[in-house]
Protein chains: 2
Amino acid sequence: MPDVTEDDLVASIRRILSGDLPGVVLGPGDDAALVEMGDRLGILTTDMLVEGIDFEPGMFSARDLGYRAIAVNVSDVAAMAGSPRFALVALGMPKETDLAWVVELFGGLREAADEYATAVVGGDLSRASEITISVTVTGEAPQGRAVTRSGARPGDRVVVTGSLGAAAGGLIVARSRRHDAGTEWGRELLAALSRPVARVGEGQTLGQFGATAMIDVSDGLFLDLKRLCVASARGVLIRQRDVPIHPALRELTRVQPDVDPFGLATEGGEDFELIATLPEDRVGPAAATMRERFGTPLTDIGEILESPALAMTGSDGEEHPLEPRGWDHFA
Amino acid sequence: MPDVTEDDLVASIRRILSGDLPGVVLGPGDDAALVEMGDRLGILTTDMLVEGIDFEPGMFSARDLGYRAIAVNVSDVAAMAGSPRFALVALGMPKETDLAWVVELFGGLREAADEYATAVVGGDLSRASEITISVTVTGEAPQGRAVTRSGARPGDRVVVTGSLGAAAGGLIVARSRRHDAGTEWGRELLAALSRPVARVGEGQTLGQFGATAMIDVSDGLFLDLKRLCVASARGVLIRQRDVPIHPALRELTRVQPDVDPFGLATEGGEDFELIATLPEDRVGPAAATMRERFGTPLTDIGEILESPALAMTGSDGEEHPLEPRGWDHFA
């Protein structure tokens, strides 16, 4: 598929699936869909992980892979300010796959599901050329309380939970022939990659404090921020110095000087932190509550603009246009 | 995975995922899961179709493949006597996949979704070695009205909707170098394969008439009937002469005399007819209502037994033990 980005393809598909359909509050295109489910708002999301594409063969243990498959879907529910409830797992695997591997994978799925108070209620098994895990998570939120990507307003502050770049740093450690995986910071980076944390409580807290838009960082801060801005038909001005870079990346640059922590933090992806937009006066209270409840930092990194341009105030004090790059399955 | 059948693997996984989890009415192992969703009973099911495994490359048009992917999931909701509501689609595809192909696929997904009053509300795209389509469908039923596999009682009649073997016959036509695809019966068999019908209204009707257990025929009449019997801890006695064989298979045997219509009807699978168990006095009224509402025949093919053996009264009038064979991903 030459010259077609993933976002282009998604846009084509959205047109095919569009229409005023009964019970659909929000169709394709956000972190998750919103649907009427009895007296609650239902949240539906699905994510396919393919060996060799979404993860490298042998990089994850079966248990970590299972854990991760649940966590990345739960993160989409978190990005709607919802509560995950139920999960379904479809697994494609080569003929030679070991039963013990499958048991470990489901052990990891169960572990993450328990961590997020989610029940794995069903699934499907198939053969495939490579390991293919397709997880669907349903969640819920009280009516009117889900936070989509599209509500950002000019003057809103842009905040991000935790810190960024650790998963991309973990990928470098995993691929490295050095013994960084044996260091404390190396283990921390690897864990960010293999055991991502879905910010469920943080997402709900941001919703309670009036977040106007929210998205999780799956493909990179800049690319996901661009998606939020496009959905909201607004622009953004980010301050480079305020982007929270994961501290362990400093250790990594000490042994691998060609590593660019800011690049990893803004284009690396897979951190599953939440980007949200908030009215300015809610940032302080939201940050205080989040630190108190979860010990998670909340950092103000910029402002939503009226005009739909993406820009960054660099370390030189000058404004630079942002050209988001990040993970694209079809680039 | 030597010496492990799909059912063995599913049993191992069920043990890992078991437990008394909040909101879960029925976990893995049936046609679909049942969960609490506000004031309704939620039905969740997922199914992965992998090219080269679940379908042959080039056998289906993109549109038929999309249609089929929705229909087979909707059939699982039908087998619970539920109403499908929402669908999610995860698609893995090789790099060289054409945009037009993807658009046609989603056109087919949309067509089937519209047919079953189901909204495709989200999805995920990934690269993969082969076309991989993972669909999740959510449905609902009034509290206490879903029909599982496990409620069959001794003396219940075993009924099946429509007729069997057409999809397996369609596969023979599709693979054949003869020109059977140009005949009326050839087209009928091919359509059964490429455009399966999910028996949604029929499933609800069977539920209304007091069906005690129900399953859809995805892997073959005998294998799926065995699953129903195992789940209900009962046996069954089938009458060979009453198994409804699709009439177009007679035409097929005329040009391909080695084809065994009874074998296709009982072991072919992919017909997506419903097998249900009903109290004897409800069979007549259910059949009359089903014919009136949908024009679908309902055939009494045997009886549920106390002891957990599977048997068939053959054309010779003798009882033979049944050794169910059918589609197994891992056989």
# chains A, B, ... in the order shown; residues from 1 in each chain; ligands from 1
>>> interface_residues(of="chain A", to="chain B", cutoff="6 Å", atoms="only C-alpha atoms", output="ChimeraX atom specification")
/A:1,27-28,33,38-40,46-47,96-98,121-124,126,329
>>> select_by_dssp(residues="range 5-90 of chain A", states="helix (DSSP H, G or I)", output="PDB file with N, CA and C atoms, in the first residue's frame")
ATOM      1  N   GLU A   6      -1.236   4.977   8.064  1.00  0.00           N
ATOM      2  CA  GLU A   6      -2.262   4.307   8.861  1.00  0.00           C
ATOM      3  C   GLU A   6      -3.445   5.251   9.103  1.00  0.00           C
ATOM      4  N   ASP A   7      -3.136   6.527   9.370  1.00  0.00           N
ATOM      5  CA  ASP A   7      -4.222   7.478   9.618  1.00  0.00           C
ATOM      6  C   ASP A   7      -5.092   7.686   8.379  1.00  0.00           C
ATOM      7  N   ASP A   8      -4.465   7.690   7.179  1.00  0.00           N
ATOM      8  CA  ASP A   8      -5.251   7.792   5.934  1.00  0.00           C
ATOM      9  C   ASP A   8      -6.206   6.609   5.812  1.00  0.00           C
ATOM     10  N   LEU A   9      -5.646   5.438   6.068  1.00  0.00           N
ATOM     11  CA  LEU A   9      -6.431   4.210   5.928  1.00  0.00           C
ATOM     12  C   LEU A   9      -7.595   4.213   6.913  1.00  0.00           C
ATOM     13  N   VAL A  10      -7.302   4.638   8.143  1.00  0.00           N
ATOM     14  CA  VAL A  10      -8.353   4.716   9.160  1.00  0.00           C
ATOM     15  C   VAL A  10      -9.448   5.684   8.709  1.00  0.00           C
ATOM     16  N   ALA A  11      -9.036   6.797   8.087  1.00  0.00           N
ATOM     17  CA  ALA A  11     -10.026   7.778   7.630  1.00  0.00           C
ATOM     18  C   ALA A  11     -10.935   7.176   6.550  1.00  0.00           C
ATOM     19  N   SER A  12     -10.350   6.408   5.617  1.00  0.00           N
ATOM     20  CA  SER A  12     -11.160   5.750   4.583  1.00  0.00           C
ATOM     21  C   SER A  12     -12.167   4.793   5.217  1.00  0.00           C
ATOM     22  N   ILE A  13     -11.675   4.016   6.165  1.00  0.00           N
ATOM     23  CA  ILE A  13     -12.534   3.017   6.802  1.00  0.00           C
ATOM     24  C   ILE A  13     -13.650   3.686   7.601  1.00  0.00           C
ATOM     25  N   ARG A  14     -13.314   4.800   8.259  1.00  0.00           N
ATOM     26  CA  ARG A  14     -14.342   5.515   9.031  1.00  0.00           C
ATOM     27  C   ARG A  14     -15.492   5.956   8.144  1.00  0.00           C
ATOM     28  N   ARG A  15     -15.147   6.382   6.910  1.00  0.00           N
ATOM     29  CA  ARG A  15     -16.214   6.808   6.002  1.00  0.00           C
ATOM     30  C   ARG A  15     -17.129   5.641   5.654  1.00  0.00           C
ATOM     31  N   ILE A  16     -16.527   4.463   5.443  1.00  0.00           N
ATOM     32  CA  ILE A  16     -17.349   3.288   5.103  1.00  0.00           C
ATOM     33  C   ILE A  16     -18.277   2.927   6.267  1.00  0.00           C
ATOM     34  N   LEU A  17     -17.772   3.103   7.477  1.00  0.00           N
ATOM     35  CA  LEU A  17     -18.530   2.646   8.646  1.00  0.00           C
ATOM     36  C   LEU A  17     -19.421   3.730   9.246  1.00  0.00           C
ATOM     37  N   ALA A  62       6.297 -15.297  27.185  1.00  0.00           N
ATOM     38  CA  ALA A  62       4.870 -15.498  26.917  1.00  0.00           C
ATOM     39  C   ALA A  62       4.035 -14.765  27.956  1.00  0.00           C
ATOM     40  N   ARG A  63       4.506 -14.807  29.204  1.00  0.00           N
ATOM     41  CA  ARG A  63       3.751 -14.174  30.283  1.00  0.00           C
ATOM     42  C   ARG A  63       3.698 -12.657  30.113  1.00  0.00           C
ATOM     43  N   ASP A  64       4.852 -12.056  29.774  1.00  0.00           N
ATOM     44  CA  ASP A  64       4.875 -10.611  29.547  1.00  0.00           C
ATOM     45  C   ASP A  64       4.000 -10.230  28.356  1.00  0.00           C
ATOM     46  N   LEU A  65       4.050 -11.056  27.313  1.00  0.00           N
ATOM     47  CA  LEU A  65       3.270 -10.770  26.117  1.00  0.00           C
ATOM     48  C   LEU A  65       1.775 -10.764  26.440  1.00  0.00           C
ATOM     49  N   GLY A  66       1.338 -11.741  27.233  1.00  0.00           N
ATOM     50  CA  GLY A  66      -0.058 -11.785  27.638  1.00  0.00           C
ATOM     51  C   GLY A  66      -0.423 -10.572  28.483  1.00  0.00           C
ATOM     52  N   TYR A  67       0.470 -10.248  29.429  1.00  0.00           N
ATOM     53  CA  TYR A  67       0.227  -9.098  30.298  1.00  0.00           C
ATOM     54  C   TYR A  67       0.055  -7.827  29.470  1.00  0.00           C
ATOM     55  N   ARG A  68       0.997  -7.673  28.546  1.00  0.00           N
ATOM     56  CA  ARG A  68       1.028  -6.498  27.693  1.00  0.00           C
ATOM     57  C   ARG A  68      -0.227  -6.374  26.825  1.00  0.00           C
ATOM     58  N   ALA A  69      -0.695  -7.497  26.295  1.00  0.00           N
ATOM     59  CA  ALA A  69      -1.847  -7.478  25.389  1.00  0.00           C
ATOM     60  C   ALA A  69      -3.097  -6.951  26.098  1.00  0.00           C
ATOM     61  N   ILE A  70      -3.239  -7.313  27.381  1.00  0.00           N
ATOM     62  CA  ILE A  70      -4.364  -6.772  28.158  1.00  0.00           C
ATOM     63  C   ILE A  70      -4.120  -5.296  28.468  1.00  0.00           C
ATOM     64  N   ALA A  71      -2.898  -4.977  28.930  1.00  0.00           N
ATOM     65  CA  ALA A  71      -2.617  -3.618  29.409  1.00  0.00           C
ATOM     66  C   ALA A  71      -2.817  -2.571  28.313  1.00  0.00           C
ATOM     67  N   VAL A  72      -2.408  -2.885  27.067  1.00  0.00           N
ATOM     68  CA  VAL A  72      -2.512  -1.862  26.006  1.00  0.00           C
ATOM     69  C   VAL A  72      -3.980  -1.596  25.663  1.00  0.00           C
ATOM     70  N   ASN A  73      -4.840  -2.604  25.811  1.00  0.00           N
ATOM     71  CA  ASN A  73      -6.270  -2.385  25.575  1.00  0.00           C
ATOM     72  C   ASN A  73      -6.912  -1.642  26.738  1.00  0.00           C
ATOM     73  N   VAL A  74      -6.515  -2.022  27.951  1.00  0.00           N
ATOM     74  CA  VAL A  74      -7.045  -1.323  29.129  1.00  0.00           C
ATOM     75  C   VAL A  74      -6.663   0.156  29.060  1.00  0.00           C
ATOM     76  N   SER A  75      -5.474   0.425  28.521  1.00  0.00           N
ATOM     77  CA  SER A  75      -5.030   1.813  28.376  1.00  0.00           C
ATOM     78  C   SER A  75      -5.991   2.625  27.505  1.00  0.00           C
ATOM     79  N   ASP A  76      -6.555   1.999  26.480  1.00  0.00           N
ATOM     80  CA  ASP A  76      -7.535   2.706  25.641  1.00  0.00           C
ATOM     81  C   ASP A  76      -8.812   3.037  26.421  1.00  0.00           C
ATOM     82  N   VAL A  77      -9.196   2.134  27.306  1.00  0.00           N
ATOM     83  CA  VAL A  77     -10.353   2.417  28.157  1.00  0.00           C
ATOM     84  C   VAL A  77     -10.001   3.539  29.132  1.00  0.00           C
ATOM     85  N   ALA A  78      -8.766   3.489  29.684  1.00  0.00           N
ATOM     86  CA  ALA A  78      -8.298   4.542  30.597  1.00  0.00           C
ATOM     87  C   ALA A  78      -8.332   5.904  29.911  1.00  0.00           C
TER      88      ALA A  78
END
>>> residues_around(residues="Phe272 in chain A", least_positions_apart="3", cutoff="12 Å", atoms="only C-alpha atoms", output="VMD selection string")
chain A and resid 31 68 71 to 79 160 to 168 192 to 200 202 to 203 214 to 221 224 265 268 to 269 275
>>> write_last_selection(atoms="C-alpha atoms", output="mmCIF file, in the first residue's frame")
data_model
loop_
_atom_site.group_PDB
_atom_site.id
_atom_site.type_symbol
_atom_site.label_atom_id
_atom_site.label_comp_id
_atom_site.auth_asym_id
_atom_site.auth_seq_id
_atom_site.Cartn_x
_atom_site.Cartn_y
_atom_site.Cartn_z
ATOM 1 C CA ASP A 31 -9.258 5.503 21.671
ATOM 2 C CA ARG A 68 1.028 -6.498 27.693
ATOM 3 C CA ALA A 71 -2.617 -3.618 29.409
ATOM 4 C CA VAL A 72 -2.512 -1.862 26.006
ATOM 5 C CA ASN A 73 -6.270 -2.385 25.575
ATOM 6 C CA VAL A 74 -7.045 -1.323 29.129
ATOM 7 C CA SER A 75 -5.030 1.813 28.376
ATOM 8 C CA ASP A 76 -7.535 2.706 25.641
ATOM 9 C CA VAL A 77 -10.353 2.417 28.157
ATOM 10 C CA ALA A 78 -8.298 4.542 30.597
ATOM 11 C CA ALA A 79 -7.942 7.178 27.859
ATOM 12 C CA VAL A 160 0.789 14.335 30.468
ATOM 13 C CA THR A 161 0.941 11.676 33.188
ATOM 14 C CA GLY A 162 4.205 10.106 34.352
ATOM 15 C CA SER A 163 7.225 10.369 32.098
ATOM 16 C CA LEU A 164 7.987 9.411 28.526
ATOM 17 C CA GLY A 165 10.503 7.427 26.509
ATOM 18 C CA ALA A 166 11.073 4.509 28.864
ATOM 19 C CA ALA A 167 9.488 1.907 26.559
ATOM 20 C CA ALA A 168 11.590 3.076 23.612
ATOM 21 C CA ALA A 192 8.365 -0.231 30.939
ATOM 22 C CA LEU A 193 8.409 -2.097 27.637
ATOM 23 C CA SER A 194 7.275 -5.535 28.811
ATOM 24 C CA ARG A 195 4.890 -4.551 31.593
ATOM 25 C CA PRO A 196 3.258 -1.299 30.502
ATOM 26 C CA VAL A 197 1.047 0.404 33.071
ATOM 27 C CA ALA A 198 -2.435 1.462 31.984
ATOM 28 C CA ARG A 199 -3.362 4.685 33.784
ATOM 29 C CA VAL A 200 -6.914 3.728 34.708
ATOM 30 C CA GLU A 202 -5.362 8.596 36.517
ATOM 31 C CA GLY A 203 -7.724 8.726 33.530
ATOM 32 C CA MET A 214 -7.728 12.684 26.292
ATOM 33 C CA ILE A 215 -5.635 10.106 24.412
ATOM 34 C CA ASP A 216 -3.053 7.535 25.435
ATOM 35 C CA VAL A 217 0.527 7.611 24.139
ATOM 36 C CA SER A 218 0.734 4.466 22.041
ATOM 37 C CA ASP A 219 2.485 5.720 18.900
ATOM 38 C CA GLY A 220 4.488 8.668 20.271
ATOM 39 C CA LEU A 221 3.723 11.905 22.158
ATOM 40 C CA ASP A 224 -0.861 11.066 19.439
ATOM 41 C CA ALA A 265 10.193 10.655 24.718
ATOM 42 C CA GLY A 268 9.136 6.488 20.763
ATOM 43 C CA GLY A 269 5.601 5.520 21.707
ATOM 44 C CA ILE A 275 -2.233 13.139 27.334
#
>>> residues_around(residues="Gln208 in chain A", least_positions_apart="4", cutoff="9 Å", atoms="only C-alpha atoms", output="PyMOL selection string")
chain A and resi 81+145+203-204+286
>>> residues_around(residues="Arg282 in chain A", least_positions_apart="5", cutoff="12 Å", atoms="only C-alpha atoms", output="PyMOL selection string")
chain A and resi 156-159+205-212+276-277+287-290+298+300
>>> select_by_dssp(residues="range 52-259 of chain B", states="strand (DSSP E)", output="VMD selection string")
chain B and resid 83 to 93 119 to 127 132 to 141 157 to 161 213 to 216 235 to 239
>>> write_last_selection(atoms="N, CA and C atoms", output="compact mmCIF listing (two decimals), in the first residue's frame")
# COMPACT_ATOMS: atom_id res chain seq x y z
N SER B 83 -29.47 -10.78 20.72
CA SER B 83 -29.50 -9.82 19.62
C SER B 83 -28.12 -9.19 19.49
N PRO B 84 -27.51 -9.25 18.30
CA PRO B 84 -26.21 -8.59 18.13
C PRO B 84 -26.40 -7.08 18.17
N ARG B 85 -25.42 -6.37 18.73
CA ARG B 85 -25.51 -4.92 18.80
C ARG B 85 -24.31 -4.23 18.13
N PHE B 86 -23.10 -4.55 18.61
CA PHE B 86 -21.92 -3.81 18.17
C PHE B 86 -20.80 -4.75 17.75
N ALA B 87 -19.97 -4.30 16.82
CA ALA B 87 -18.85 -5.12 16.37
C ALA B 87 -17.56 -4.31 16.36
N LEU B 88 -16.45 -4.99 16.64
CA LEU B 88 -15.11 -4.41 16.53
C LEU B 88 -14.31 -5.30 15.58
N VAL B 89 -13.45 -4.70 14.78
CA VAL B 89 -12.72 -5.45 13.77
C VAL B 89 -11.22 -5.15 13.87
N ALA B 90 -10.42 -6.17 14.14
CA ALA B 90 -8.96 -6.01 14.06
C ALA B 90 -8.50 -6.72 12.79
N LEU B 91 -7.71 -6.00 11.99
CA LEU B 91 -7.28 -6.54 10.69
C LEU B 91 -5.76 -6.53 10.60
N GLY B 92 -5.17 -7.70 10.39
CA GLY B 92 -3.75 -7.80 10.08
C GLY B 92 -3.62 -8.10 8.59
N MET B 93 -2.68 -7.43 7.93
CA MET B 93 -2.57 -7.65 6.47
C MET B 93 -1.14 -7.47 6.01
N ALA B 119 -23.71 -2.46 14.59
CA ALA B 119 -22.85 -1.34 14.21
C ALA B 119 -21.38 -1.68 14.42
N VAL B 120 -20.56 -1.49 13.38
CA VAL B 120 -19.11 -1.67 13.53
C VAL B 120 -18.58 -0.38 14.14
N VAL B 121 -18.16 -0.44 15.39
CA VAL B 121 -17.86 0.78 16.12
C VAL B 121 -16.37 1.02 16.32
N GLY B 122 -15.52 0.09 15.92
CA GLY B 122 -14.11 0.34 16.12
C GLY B 122 -13.27 -0.79 15.60
N GLY B 123 -11.95 -0.62 15.75
CA GLY B 123 -11.08 -1.68 15.28
C GLY B 123 -9.62 -1.33 15.42
N ASP B 124 -8.80 -2.10 14.78
CA ASP B 124 -7.36 -1.90 14.84
C ASP B 124 -6.76 -2.45 13.56
N LEU B 125 -5.70 -1.82 13.09
CA LEU B 125 -5.02 -2.27 11.88
C LEU B 125 -3.59 -2.64 12.22
N SER B 126 -3.11 -3.73 11.62
CA SER B 126 -1.73 -4.12 11.83
C SER B 126 -1.21 -4.78 10.56
N ARG B 127 0.09 -4.83 10.44
CA ARG B 127 0.66 -5.66 9.39
C ARG B 127 0.72 -7.10 9.88
N THR B 132 -5.46 -11.53 8.37
CA THR B 132 -5.96 -12.01 9.65
C THR B 132 -7.06 -11.06 10.10
N ILE B 133 -8.25 -11.58 10.23
CA ILE B 133 -9.39 -10.74 10.61
C ILE B 133 -9.94 -11.24 11.93
N SER B 134 -9.91 -10.38 12.92
CA SER B 134 -10.40 -10.76 14.23
C SER B 134 -11.58 -9.86 14.56
N VAL B 135 -12.75 -10.46 14.63
CA VAL B 135 -13.96 -9.68 14.88
C VAL B 135 -14.52 -10.02 16.26
N THR B 136 -14.95 -9.01 16.97
CA THR B 136 -15.65 -9.19 18.23
C THR B 136 -17.06 -8.63 18.05
N VAL B 137 -18.05 -9.37 18.48
CA VAL B 137 -19.42 -8.86 18.45
C VAL B 137 -19.98 -8.89 19.87
N THR B 138 -20.60 -7.80 20.26
CA THR B 138 -21.33 -7.78 21.52
C THR B 138 -22.81 -7.88 21.22
N GLY B 139 -23.53 -8.52 22.07
CA GLY B 139 -24.97 -8.62 21.90
C GLY B 139 -25.64 -8.50 23.24
N GLU B 140 -26.95 -8.67 23.25
CA GLU B 140 -27.63 -8.62 24.52
C GLU B 140 -28.89 -9.47 24.49
N ALA B 141 -29.35 -9.76 25.67
CA ALA B 141 -30.59 -10.52 25.84
C ALA B 141 -31.20 -10.03 27.15
N ARG B 157 -35.89 -33.19 22.89
CA ARG B 157 -35.65 -33.48 21.48
C ARG B 157 -34.49 -32.61 21.00
N VAL B 158 -33.73 -33.14 20.05
CA VAL B 158 -32.64 -32.39 19.42
C VAL B 158 -33.15 -31.89 18.07
N VAL B 159 -33.13 -30.58 17.88
CA VAL B 159 -33.61 -30.01 16.61
C VAL B 159 -32.49 -29.23 15.94
N VAL B 160 -32.60 -29.11 14.62
CA VAL B 160 -31.62 -28.32 13.89
C VAL B 160 -32.36 -27.46 12.87
N THR B 161 -31.90 -26.21 12.71
CA THR B 161 -32.54 -25.31 11.75
C THR B 161 -32.01 -25.60 10.35
N ALA B 213 -30.88 -25.89 25.60
CA ALA B 213 -29.47 -25.72 25.24
C ALA B 213 -29.40 -25.38 23.76
N MET B 214 -28.32 -24.70 23.36
CA MET B 214 -28.21 -24.33 21.95
C MET B 214 -26.72 -24.10 21.60
N ILE B 215 -26.37 -24.40 20.34
CA ILE B 215 -25.01 -24.18 19.82
C ILE B 215 -25.14 -23.99 18.32
N ASP B 216 -24.23 -23.25 17.70
CA ASP B 216 -24.28 -23.15 16.25
C ASP B 216 -23.31 -24.16 15.62
N GLY B 235 -26.02 -37.54 27.04
CA GLY B 235 -25.73 -38.19 25.77
C GLY B 235 -26.81 -37.88 24.76
N VAL B 236 -26.67 -38.47 23.58
CA VAL B 236 -27.64 -38.19 22.53
C VAL B 236 -27.78 -39.41 21.63
N LEU B 237 -28.99 -39.60 21.11
CA LEU B 237 -29.23 -40.63 20.09
C LEU B 237 -29.83 -39.94 18.87
N ILE B 238 -29.08 -39.95 17.78
CA ILE B 238 -29.49 -39.28 16.54
C ILE B 238 -30.05 -40.34 15.58
N ARG B 239 -31.04 -39.95 14.77
CA ARG B 239 -31.51 -40.85 13.71
C ARG B 239 -30.90 -40.39 12.38
>>> closest_residue(among="B:Ser307, B:Ser315, B:Thr266, B:Thr296", to="Gly201 in chain B", atoms="only C-alpha atoms")
B:Thr296
>>> closest_residue(among="B:Leu252, B:Ala146, B:Ala174, B:Ala112", to="Pro57 in chain B", atoms="only C-alpha atoms")
B:Ala174
>>> atom_distance(atom1="CA of Pro244 in chain B", atom2="CA of Ser61 in chain B")
29.0 Å
>>> atom_distance(atom1="CA of Thr313 in chain B", atom2="CA of Arg227 in chain B")
19.6 Å
>>> atom_distance(atom1="CA of Gly186 in chain B", atom2="CA of Leu274 in chain B")
23.4 Å
